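> What follows is start36.csv, CSV, C-alpha atoms.
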```csv
chain,number,residue,atom,x,y,z
A,1,MET,CA,12.6,13.2,16.4
A,2,ASN,CA,15.9,15.0,17.0
A,3,PHE,CA,18.0,14.1,13.9
A,4,CYS,CA,17.4,13.8,10.2
A,5,SER,CA,17.0,10.1,9.3
A,6,HIS,CA,18.5,10.8,5.9
A,7,CYS,CA,21.6,12.8,6.7
A,8,GLY,CA,22.0,12.6,10.5
A,9,GLN,CA,22.0,16.4,11.1
A,10,PRO,CA,19.7,18.0,13.8
A,11,VAL,CA,16.2,18.8,12.7
A,12,ARG,CA,13.9,21.7,13.7
A,13,PHE,CA,10.1,21.7,14.1
A,14,ALA,CA,8.6,24.4,11.9
A,15,ILE,CA,6.0,25.1,9.3
A,16,PRO,CA,7.4,24.5,5.8
A,17,ASP,CA,6.7,26.8,2.9
A,18,MET,CA,3.4,26.0,1.2
A,19,ASP,CA,2.2,24.0,4.3
A,20,ASN,CA,0.0,24.9,7.2
A,21,ARG,CA,1.3,22.8,10.1
A,22,PRO,CA,4.7,22.1,11.6
A,23,ARG,CA,7.0,19.3,10.4
A,24,TYR,CA,10.4,18.1,11.3
A,25,LEU,CA,12.7,19.9,8.8
A,26,CYS,CA,16.4,19.3,8.0
A,27,ASP,CA,18.1,22.5,6.9
A,28,HIS,CA,21.2,20.5,5.9
A,29,CYS,CA,19.7,18.2,3.2
A,30,GLY,CA,16.2,19.7,2.8
A,31,SER,CA,14.3,16.7,3.9
A,32,ILE,CA,10.8,17.2,5.4
A,33,HIS,CA,9.8,14.4,7.7
A,34,TYR,CA,6.1,13.9,7.7
A,35,GLN,CA,4.5,11.9,10.5
A,36,ASN,CA,1.1,10.4,9.9
A,37,PRO,CA,-1.4,8.1,11.8
A,38,ARG,CA,-0.9,4.4,11.8
A,39,LEU,CA,-3.4,1.8,11.0
A,40,ILE,CA,-4.3,-1.1,13.3
A,41,THR,CA,-6.0,-4.0,11.4
A,42,GLY,CA,-7.8,-7.0,12.9
A,43,THR,CA,-10.7,-9.4,12.9
A,44,LEU,CA,-13.7,-10.6,14.8
A,45,PRO,CA,-13.5,-14.4,14.3
A,46,VAL,CA,-16.8,-16.3,14.4
A,47,ALA,CA,-16.5,-20.1,15.0
A,48,PRO,CA,-18.8,-22.6,13.2
A,49,ASP,CA,-21.1,-22.7,16.3
A,50,ASP,CA,-21.3,-18.8,16.3
A,51,ARG,CA,-19.1,-18.3,19.3
A,52,ILE,CA,-16.6,-15.4,19.1
A,53,LEU,CA,-12.9,-15.8,19.5
A,54,LEU,CA,-11.0,-13.5,21.9
A,55,CYS,CA,-7.4,-13.3,22.9
A,56,ARG,CA,-6.0,-12.6,26.4
A,57,ARG,CA,-3.2,-10.2,26.0
A,58,ALA,CA,0.3,-11.5,27.0
A,59,ILE,CA,1.9,-8.2,26.4
A,60,GLU,CA,1.5,-4.6,27.4
A,61,PRO,CA,-0.5,-2.4,27.0
A,62,ARG,CA,-3.5,-3.9,28.7
A,63,LEU,CA,-1.8,-7.1,29.6
A,64,GLY,CA,-4.3,-9.7,30.9
A,65,TYR,CA,-7.3,-8.1,29.2
A,66,TRP,CA,-9.3,-9.7,26.3
A,67,THR,CA,-9.1,-8.4,22.8
A,68,LEU,CA,-9.7,-9.2,19.2
A,69,PRO,CA,-6.7,-10.3,17.2
A,70,ALA,CA,-5.2,-7.1,15.6
A,71,GLY,CA,-2.0,-5.2,15.1
A,72,PHE,CA,-0.2,-2.6,13.0
A,73,MET,CA,-0.6,-2.9,9.3
A,74,GLU,CA,2.8,-3.4,7.6
A,75,ASN,CA,4.2,-1.9,4.4
A,76,GLY,CA,3.6,-4.0,1.3
A,77,GLU,CA,0.3,-5.6,2.5
A,78,THR,CA,-3.4,-4.8,2.1
A,79,VAL,CA,-5.6,-3.9,5.1
A,80,VAL,CA,-7.3,-7.3,4.9
A,81,ALA,CA,-4.1,-9.3,4.5
A,82,GLY,CA,-2.8,-7.6,7.6
A,83,ALA,CA,-6.0,-8.5,9.5
A,84,LEU,CA,-5.7,-12.2,8.5
A,85,ARG,CA,-1.9,-12.2,9.3
A,86,GLU,CA,-2.6,-10.8,12.8
A,87,THR,CA,-5.3,-13.4,13.3
A,88,LEU,CA,-2.8,-16.2,12.5
A,89,GLU,CA,0.0,-14.6,14.5
A,90,GLU,CA,-2.1,-13.9,17.7
A,91,ALA,CA,-4.6,-16.8,17.7
A,92,GLN,CA,-3.3,-19.5,15.2
A,93,VAL,CA,-6.5,-19.1,13.3
A,94,LYS,CA,-6.5,-19.3,9.5
A,95,ALA,CA,-9.7,-17.2,9.0
A,96,HIS,CA,-11.6,-16.6,5.7
A,97,ASN,CA,-14.5,-14.7,4.2
A,98,PRO,CA,-13.5,-11.3,5.6
A,99,VAL,CA,-16.2,-8.6,5.6
A,100,LEU,CA,-15.5,-5.0,6.8
A,101,LEU,CA,-17.1,-4.3,10.1
A,102,SER,CA,-15.7,-1.2,11.6
A,103,MET,CA,-13.3,1.7,11.1
A,104,ILE,CA,-12.7,3.9,14.1
A,105,SER,CA,-10.3,6.8,14.4
A,106,LEU,CA,-8.4,7.5,17.6
A,107,PRO,CA,-7.1,11.0,17.1
A,108,GLU,CA,-5.6,11.1,20.6
A,109,PHE,CA,-3.3,8.2,19.6
A,110,ASP,CA,-2.8,9.0,15.9
A,111,GLN,CA,-4.3,5.6,15.0
A,112,VAL,CA,-7.2,4.2,13.0
A,113,HIS,CA,-8.5,0.8,14.0
A,114,ILE,CA,-10.2,-1.4,11.3
A,115,PHE,CA,-11.9,-4.7,12.0
A,116,TYR,CA,-13.3,-7.4,9.7
A,117,ARG,CA,-15.8,-10.1,10.6
A,118,VAL,CA,-14.2,-13.4,9.6
A,119,ASP,CA,-15.2,-17.0,9.6
A,120,MET,CA,-13.2,-19.7,11.3
A,121,PRO,CA,-13.1,-22.9,9.2
A,122,ASP,CA,-13.1,-25.1,12.2
A,123,PHE,CA,-12.4,-25.0,16.0
A,124,HIS,CA,-8.6,-24.8,15.7
A,125,TYR,CA,-6.9,-22.0,17.6
A,126,ASP,CA,-4.1,-21.8,20.1
A,127,VAL,CA,-2.1,-19.5,22.4
A,128,THR,CA,0.8,-17.5,20.9
A,129,PRO,CA,3.6,-15.3,22.2
A,130,GLU,CA,1.1,-12.4,22.2
A,131,SER,CA,-1.9,-14.2,23.6
A,132,SER,CA,-1.7,-16.0,27.0
A,133,ALA,CA,-5.1,-17.5,26.4
A,134,VAL,CA,-7.4,-17.8,23.3
A,135,GLU,CA,-11.0,-18.8,23.9
A,136,LEU,CA,-14.4,-18.9,22.2
A,137,PHE,CA,-17.2,-17.0,24.0
A,138,GLU,CA,-20.9,-17.4,23.7
A,139,ILE,CA,-22.4,-14.0,22.6
A,140,ASP,CA,-24.3,-13.7,25.9
A,141,ALA,CA,-21.1,-14.4,27.9
A,142,LEU,CA,-18.6,-11.9,26.5
A,143,PRO,CA,-16.2,-10.5,29.2
A,144,TRP,CA,-17.4,-6.9,28.7
A,145,ASP,CA,-15.7,-5.6,31.8
A,146,GLN,CA,-12.3,-7.2,30.8
A,147,ILE,CA,-12.0,-5.9,27.2
A,148,ALA,CA,-8.6,-4.3,26.5
A,149,PHE,CA,-9.6,-1.4,24.1
A,150,ARG,CA,-12.6,0.8,23.5
A,151,THR,CA,-12.5,0.1,19.7
A,152,VAL,CA,-12.8,-3.6,20.5
A,153,THR,CA,-15.8,-3.0,22.7
A,154,ALA,CA,-17.4,-0.8,20.1
A,155,THR,CA,-16.7,-3.4,17.4
A,156,LEU,CA,-18.2,-6.2,19.4
A,157,GLU,CA,-21.3,-4.1,20.2
A,158,HIS,CA,-21.7,-3.3,16.5
A,159,PHE,CA,-21.3,-6.9,15.5
A,160,LEU,CA,-24.2,-7.9,17.8
A,161,ALA,CA,-26.3,-5.1,16.4
A,162,VAL,CA,-25.8,-6.1,12.7
A,163,ARG,CA,-25.1,-9.8,12.8
A,164,ASP,CA,-28.3,-10.7,11.1
A,165,GLN,CA,-27.4,-8.6,8.1
A,166,GLU,CA,-25.7,-10.5,5.2
A,167,VAL,CA,-23.6,-7.5,4.4
A,168,PRO,CA,-23.2,-5.7,7.7
A,169,ALA,CA,-23.4,-2.0,7.9
A,170,VAL,CA,-19.9,-0.6,8.6
A,171,LEU,CA,-19.4,1.2,11.9
A,172,THR,CA,-17.5,4.4,11.4
A,173,GLY,CA,-16.6,7.0,14.0
A,174,ALA,CA,-14.1,8.1,16.5
A,175,ILE,CA,-13.2,7.6,20.1
A,176,GLU,CA,-12.4,10.9,21.6
A,177,PRO,CA,-10.1,11.5,24.6
A,178,ARG,CA,-11.5,10.4,28.0
B,1,MET,CA,16.6,5.8,6.4
B,2,ASN,CA,20.3,6.1,7.2
B,3,PHE,CA,20.5,7.6,10.7
B,4,CYS,CA,18.6,7.2,13.9
B,5,SER,CA,16.1,10.1,14.3
B,6,HIS,CA,16.4,9.8,18.0
B,7,CYS,CA,20.2,9.9,18.6
B,8,GLY,CA,21.7,10.6,15.2
B,9,GLN,CA,23.8,7.5,14.9
B,10,PRO,CA,23.8,5.2,11.8
B,11,VAL,CA,21.1,2.5,11.7
B,12,ARG,CA,21.1,-1.0,10.3
B,13,PHE,CA,18.3,-2.9,8.6
B,14,ALA,CA,17.7,-6.2,10.3
B,15,ILE,CA,15.1,-8.4,12.0
B,16,PRO,CA,14.7,-7.5,15.7
B,17,ASP,CA,14.4,-10.1,18.4
B,18,MET,CA,10.8,-11.4,18.7
B,19,ASP,CA,9.9,-9.9,15.2
B,20,ASN,CA,9.6,-11.5,11.8
B,21,ARG,CA,10.6,-8.7,9.4
B,22,PRO,CA,13.5,-6.3,9.0
B,23,ARG,CA,13.3,-2.8,10.6
B,24,TYR,CA,15.7,0.1,10.9
B,25,LEU,CA,17.6,-0.6,14.2
B,26,CYS,CA,19.8,1.7,16.2
B,27,ASP,CA,22.5,-0.2,18.1
B,28,HIS,CA,23.5,3.0,19.9
B,29,CYS,CA,20.2,4.0,21.7
B,30,GLY,CA,18.2,0.8,21.0
B,31,SER,CA,15.4,2.5,19.0
B,32,ILE,CA,13.4,0.4,16.5
B,33,HIS,CA,12.1,2.6,13.6
B,34,TYR,CA,8.9,1.0,12.3
B,35,GLN,CA,7.6,2.1,8.9
B,36,ASN,CA,3.9,1.7,8.2
B,37,PRO,CA,1.4,2.5,5.4
B,38,ARG,CA,-0.1,6.0,5.2
B,39,LEU,CA,-3.7,6.8,4.8
B,40,ILE,CA,-5.1,9.0,2.1
B,41,THR,CA,-8.6,10.4,2.9
B,42,GLY,CA,-11.0,12.2,0.6
B,43,THR,CA,-14.5,12.8,-0.6
B,44,LEU,CA,-16.8,12.4,-3.5
B,45,PRO,CA,-18.8,15.7,-3.3
B,46,VAL,CA,-22.3,15.6,-4.7
B,47,ALA,CA,-23.9,19.0,-5.6
B,48,PRO,CA,-27.5,19.9,-5.0
B,49,ASP,CA,-28.3,19.0,-8.6
B,50,ASP,CA,-26.5,15.6,-8.3
B,51,ARG,CA,-23.5,16.7,-10.3
B,52,ILE,CA,-20.1,15.4,-9.0
B,53,LEU,CA,-17.2,17.7,-8.2
B,54,LEU,CA,-13.8,16.9,-9.5
B,55,CYS,CA,-10.5,18.8,-9.2
B,56,ARG,CA,-7.9,19.2,-11.9
B,57,ARG,CA,-4.5,18.6,-10.3
B,58,ALA,CA,-2.2,21.6,-10.2
B,59,ILE,CA,0.7,19.6,-8.7
B,60,GLU,CA,2.5,16.4,-9.4
B,61,PRO,CA,2.0,13.5,-9.5
B,62,ARG,CA,-0.6,13.3,-12.4
B,63,LEU,CA,-0.6,17.1,-13.0
B,64,GLY,CA,-3.5,18.1,-15.2
B,65,TYR,CA,-5.6,15.0,-14.5
B,66,TRP,CA,-8.9,15.0,-12.7
B,67,THR,CA,-9.3,13.7,-9.2
B,68,LEU,CA,-11.5,13.7,-6.1
B,69,PRO,CA,-10.3,16.0,-3.3
B,70,ALA,CA,-8.1,13.9,-1.0
B,71,GLY,CA,-4.8,13.9,0.8
B,72,PHE,CA,-2.7,12.4,3.6
B,73,MET,CA,-4.5,12.0,6.9
B,74,GLU,CA,-2.7,14.1,9.6
B,75,ASN,CA,-1.9,13.2,13.2
B,76,GLY,CA,-4.5,14.4,15.7
B,77,GLU,CA,-7.5,14.2,13.3
B,78,THR,CA,-10.1,11.6,12.4
B,79,VAL,CA,-10.4,10.0,9.0
B,80,VAL,CA,-13.5,11.9,8.2
B,81,ALA,CA,-12.1,15.2,9.5
B,82,GLY,CA,-9.2,14.8,7.2
B,83,ALA,CA,-11.5,14.1,4.3
B,84,LEU,CA,-13.5,17.3,5.0
B,85,ARG,CA,-10.3,19.3,5.5
B,86,GLU,CA,-8.9,18.2,2.2
B,87,THR,CA,-12.2,19.0,0.5
B,88,LEU,CA,-12.0,22.5,1.8
B,89,GLU,CA,-8.3,22.9,1.0
B,90,GLU,CA,-8.4,21.5,-2.5
B,91,ALA,CA,-11.9,22.7,-3.7
B,92,GLN,CA,-13.1,25.4,-1.2
B,93,VAL,CA,-16.1,23.2,-0.5
B,94,LYS,CA,-17.5,23.0,3.0
B,95,ALA,CA,-19.0,19.5,2.6
B,96,HIS,CA,-21.4,17.8,5.1
B,97,ASN,CA,-23.2,14.5,5.7
B,98,PRO,CA,-20.2,12.2,5.0
B,99,VAL,CA,-20.9,8.5,4.4
B,100,LEU,CA,-18.1,6.0,3.9
B,101,LEU,CA,-17.9,4.9,0.3
B,102,SER,CA,-14.6,3.0,-0.3
B,103,MET,CA,-11.4,1.8,1.3
B,104,ILE,CA,-8.8,0.5,-1.1
B,105,SER,CA,-5.3,-0.7,-0.3
B,106,LEU,CA,-2.3,0.0,-2.5
B,107,PRO,CA,0.3,-2.3,-1.3
B,108,GLU,CA,2.7,-1.3,-4.0
B,109,PHE,CA,2.7,2.3,-2.6
B,110,ASP,CA,2.2,1.5,1.1
B,111,GLN,CA,-1.0,3.5,1.1
B,112,VAL,CA,-4.7,3.0,1.9
B,113,HIS,CA,-7.2,5.3,0.2
B,114,ILE,CA,-10.5,6.1,1.9
B,115,PHE,CA,-13.4,8.1,0.3
B,116,TYR,CA,-16.6,9.4,1.7
B,117,ARG,CA,-19.7,10.5,-0.3
B,118,VAL,CA,-20.5,14.0,0.9
B,119,ASP,CA,-23.1,16.6,0.1
B,120,MET,CA,-22.3,20.1,-1.0
B,121,PRO,CA,-24.6,22.6,0.7
B,122,ASP,CA,-24.7,24.9,-2.4
B,123,PHE,CA,-22.8,25.5,-5.6
B,124,HIS,CA,-19.9,27.2,-4.0
B,125,TYR,CA,-16.4,25.9,-5.0
B,126,ASP,CA,-13.2,27.4,-6.2
B,127,VAL,CA,-9.7,26.8,-7.5
B,128,THR,CA,-6.9,26.4,-4.9
B,129,PRO,CA,-3.1,26.1,-5.0
B,130,GLU,CA,-3.6,22.3,-5.5
B,131,SER,CA,-6.4,22.5,-8.1
B,132,SER,CA,-6.0,24.4,-11.3
B,133,ALA,CA,-9.7,23.9,-12.1
B,134,VAL,CA,-12.7,22.7,-10.0
B,135,GLU,CA,-15.8,21.6,-11.9
B,136,LEU,CA,-19.1,19.9,-11.5
B,137,PHE,CA,-19.7,17.0,-13.9
B,138,GLU,CA,-22.9,15.3,-15.0
B,139,ILE,CA,-22.7,11.6,-14.1
B,140,ASP,CA,-22.9,10.7,-17.8
B,141,ALA,CA,-20.1,13.1,-18.7
B,142,LEU,CA,-17.4,12.2,-16.3
B,143,PRO,CA,-13.9,12.4,-17.8
B,144,TRP,CA,-13.1,8.7,-17.4
B,145,ASP,CA,-9.9,8.8,-19.6
B,146,GLN,CA,-8.5,11.8,-17.7
B,147,ILE,CA,-8.8,10.5,-14.1
B,148,ALA,CA,-5.6,10.8,-12.0
B,149,PHE,CA,-5.6,7.7,-9.9
B,150,ARG,CA,-7.1,4.2,-10.1
B,151,THR,CA,-8.6,4.4,-6.7
B,152,VAL,CA,-10.6,7.5,-7.9
B,153,THR,CA,-11.9,5.6,-10.9
B,154,ALA,CA,-12.9,2.7,-8.7
B,155,THR,CA,-14.6,5.0,-6.2
B,156,LEU,CA,-16.5,6.8,-9.0
B,157,GLU,CA,-17.6,3.5,-10.6
B,158,HIS,CA,-18.7,2.2,-7.2
B,159,PHE,CA,-20.7,5.4,-6.4
B,160,LEU,CA,-22.6,5.0,-9.7
B,161,ALA,CA,-23.4,1.4,-8.8
B,162,VAL,CA,-24.7,2.1,-5.3
B,163,ARG,CA,-26.0,5.7,-5.5
B,164,ASP,CA,-29.6,4.6,-5.1
B,165,GLN,CA,-28.8,3.0,-1.7
B,166,GLU,CA,-29.5,5.2,1.3
B,167,VAL,CA,-26.5,3.7,3.1
B,168,PRO,CA,-24.2,2.7,0.3
B,169,ALA,CA,-22.3,-0.6,0.4
B,170,VAL,CA,-18.7,0.1,1.1
B,171,LEU,CA,-16.2,-0.8,-1.6
B,172,THR,CA,-13.2,-2.7,-0.1
B,173,GLY,CA,-10.3,-4.2,-2.0
B,174,ALA,CA,-6.9,-3.5,-3.3
B,175,ILE,CA,-5.2,-2.3,-6.5
B,176,GLU,CA,-2.3,-4.5,-7.3
B,177,PRO,CA,0.8,-3.5,-9.2
B,178,ARG,CA,0.2,-3.0,-13.0
```
Let me see the file written as structure tokens.

Amino acid sequence: MNFCSHCGQPVRFAIPDMDNRPRYLCDHCGSIHYQNPRLITGTLPVAPDDRILLCRRAIEPRLGYWTLPAGFMENGETVVAGALRETLEEAQVKAHNPVLLSMISLPEFDQVHIFYRVDMPDFHYDVTPESSAVELFEIDALPWDQIAFRTVTATLEHFLAVRDQEVPAVLTGAIEPR
Amino acid sequence: MNFCSHCGQPVRFAIPDMDNRPRYLCDHCGSIHYQNPRLITGTLPVAPDDRILLCRRAIEPRLGYWTLPAGFMENGETVVAGALRETLEEAQVKAHNPVLLSMISLPEFDQVHIFYRVDMPDFHYDVTPESSAVELFEIDALPWDQIAFRTVTATLEHFLAVRDQEVPAVLTGAIEPR
């Protein structure tokens, strides 16, 4: 950030009065520009035959690797609405019955990743601009060495550990820098 | 947002190529300025005698009403680290043993509120610049008609419903516009 988004004048990076960490400050109009983590919301879709849906990424980062459908939560929506929207946008799946499965912080990237277990009503799914392939995997044939993100690996592992629970325990934690 | 925070030129609000909702766009440098919900993280502190700690707000909004210690998650921290930091900043409590209790979306305000049940190691707590009073309440004497925010009311109600569970069920949901 170089300029104030409100008045267009240059900003400086300093600790405001009554605060304890630096922010981008505009001396011209007095705006304080806070920057906060962003939330990634997604799903682990389970097909009627218990196979798990994964998407092969058609875009960077991690192009060509497998992931769960997920993306940035948007203003004006709920976490779960964002998860279901991303599932439709990335895999053409109209999922239902969402149950919270994991919430993992990535302090290195200023992100929090949240995943819900969801049910697929049928076997309908399709490729999309963001997914070059969409496939159902047996749980003993998941492509563990081709998973795009560590939060996806952790969420898949947690799902397998708790999938016999009607209300699954929620995985919480963080992925620290490598 | 009126000006590009990268180059200082005016922005326009329009749907970018390959997107489906309007963003602030800079035609001068090509920046797309995404805006996303912010995360509020906090705790429900339980004292060694099972009383619950609440803070009386010394600042707007809802000045004078009671709340759980909570605040905006900061870049570079985890959700739980932010919750513990806010508990120290707002109530001078060094809490431990955090367990996820609730995650509630507020689409009207572009926020998600997350609370952890935490244990207080002793009876130490104090007022702070953000809290004009900090008090422990018996569970049958909570000031229900003086609670600052609906997510706090919902989290307190949920805590009472699940407090006999070793790993409490997590409240998920949304608070829609009044």
> Between A:Tyr65, A:Phe123, A:Phe13, A:Phe109, which residue has the minimum interatomic distance to chain B, considering only C-alpha atoms?
A:Phe109
> Chain B residues within 8 Å of chain A, counting all atoms listed in the file: which ones, as number ranges by chain?
B: 1-10, 35-39, 72-79, 100, 105-110, 112, 169-170, 172, 174
> Just give me the residues with any atom within 9 Å of (-5.1, 14.5, -18.4), file coordinates, counting all atoms listed in the file, written as a list in words.
Arg56, Arg62, Leu63, Gly64, Tyr65, Trp66, Asp145, Gln146, Ile147 and Ala148 of chain B
> Counting only C-alpha atoms, what is within 6 Å of Ala95 (chain B), bar same-chain residues fewer than 4 positions away, as a list in words?
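Once the nearby chain positions are removed, what remains is Val118, Asp119 and Met120 of chain B.
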> Can you work out the spacing between CA of Ile114 (chain B) and CA of Ser102 (chain A) in Å, to one decimal?
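Atom-to-atom, CA of Ile114 (chain B) and CA of Ser102 (chain A) are spaced 13.2 Å apart.
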> Just give me the gap between CA of Leu68 (chain A) and CA of Glu90 (chain A) in Å, one decimal is fine.
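Separation of CA of Leu68 (chain A) and CA of Glu90 (chain A): 9.1 Å.
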> Excluding Thr128 (chain A) and its own-chain neighbours fewer than 4 positions away, which residues fall within 9 Å of it when counting all atoms listed in the file? Please give them as a ChimeraX atom specification.
/A:58,89-92,132-134
> Just the number, please: distance in Å from CA of Ala83 (chain B) to CA of Thr41 (chain B), one decimal.
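It comes out at 4.9 Å.
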> Between B:Tyr24, B:Pro177, B:Cys55, B:Pro45, which residue has the minimum interatomic distance to His96 (chain B), considering all atoms listed in the file?
B:Pro45
> Counting only C-alpha atoms, select every polymer residue within 10 Å of (-21.1, 15.3, -11.8) as defined in the file's coordinates, and provide the selection as a PyMOL selection string.
chain B and resi 44-47+49-54+135-143
> Using all atoms listed in the file, which protein or nucleic acid residues come within 9 Å of Phe159 (chain B)? Drop anything in the same chain fewer than 3 positions from it, and give the result as a list of chain:residue names.
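My reading of the contact set: B:Leu44, B:Leu101, B:Ser102, B:Arg117, B:Ala154, B:Thr155, B:Leu156, B:Val162, B:Arg163, B:Pro168.
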> Working from the structure I just supplied, which lacks atoms in region 162-173 of chain B, can you model N, CA and C atoms there and output them as a compact mmCIF listing (two decimals), keeping the file's coordinate frame?

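Now in out02.txt:
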```txt
# COMPACT_ATOMS: atom_id res chain seq x y z
N VAL B 162 -23.98 2.20 -6.58
CA VAL B 162 -24.70 2.10 -5.30
C VAL B 162 -25.44 3.42 -4.97
N ARG B 163 -25.53 4.36 -5.92
CA ARG B 163 -26.00 5.70 -5.50
C ARG B 163 -27.49 5.71 -5.18
N ASP B 164 -28.24 4.65 -5.51
CA ASP B 164 -29.60 4.60 -5.10
C ASP B 164 -29.80 4.05 -3.68
N GLN B 165 -28.73 3.56 -3.08
CA GLN B 165 -28.80 3.00 -1.70
C GLN B 165 -28.65 4.14 -0.70
N GLU B 166 -29.55 4.15 0.29
CA GLU B 166 -29.50 5.20 1.30
C GLU B 166 -28.17 5.12 2.07
N VAL B 167 -27.85 3.91 2.54
CA VAL B 167 -26.50 3.70 3.10
C VAL B 167 -25.78 2.81 2.10
N PRO B 168 -24.87 3.42 1.35
CA PRO B 168 -24.20 2.70 0.30
C PRO B 168 -23.33 1.56 0.80
N ALA B 169 -23.31 0.43 0.11
CA ALA B 169 -22.30 -0.60 0.40
C ALA B 169 -20.94 0.01 0.27
N VAL B 170 -20.02 -0.43 1.11
CA VAL B 170 -18.70 0.10 1.10
C VAL B 170 -17.80 -0.76 0.17
N LEU B 171 -17.14 -0.11 -0.77
CA LEU B 171 -16.20 -0.80 -1.60
C LEU B 171 -14.92 -1.08 -0.84
N THR B 172 -14.52 -2.34 -0.74
CA THR B 172 -13.20 -2.70 -0.10
C THR B 172 -12.43 -3.48 -1.13
N GLY B 173 -11.15 -3.37 -1.07
CA GLY B 173 -10.30 -4.20 -2.00
C GLY B 173 -8.94 -3.58 -2.09
```
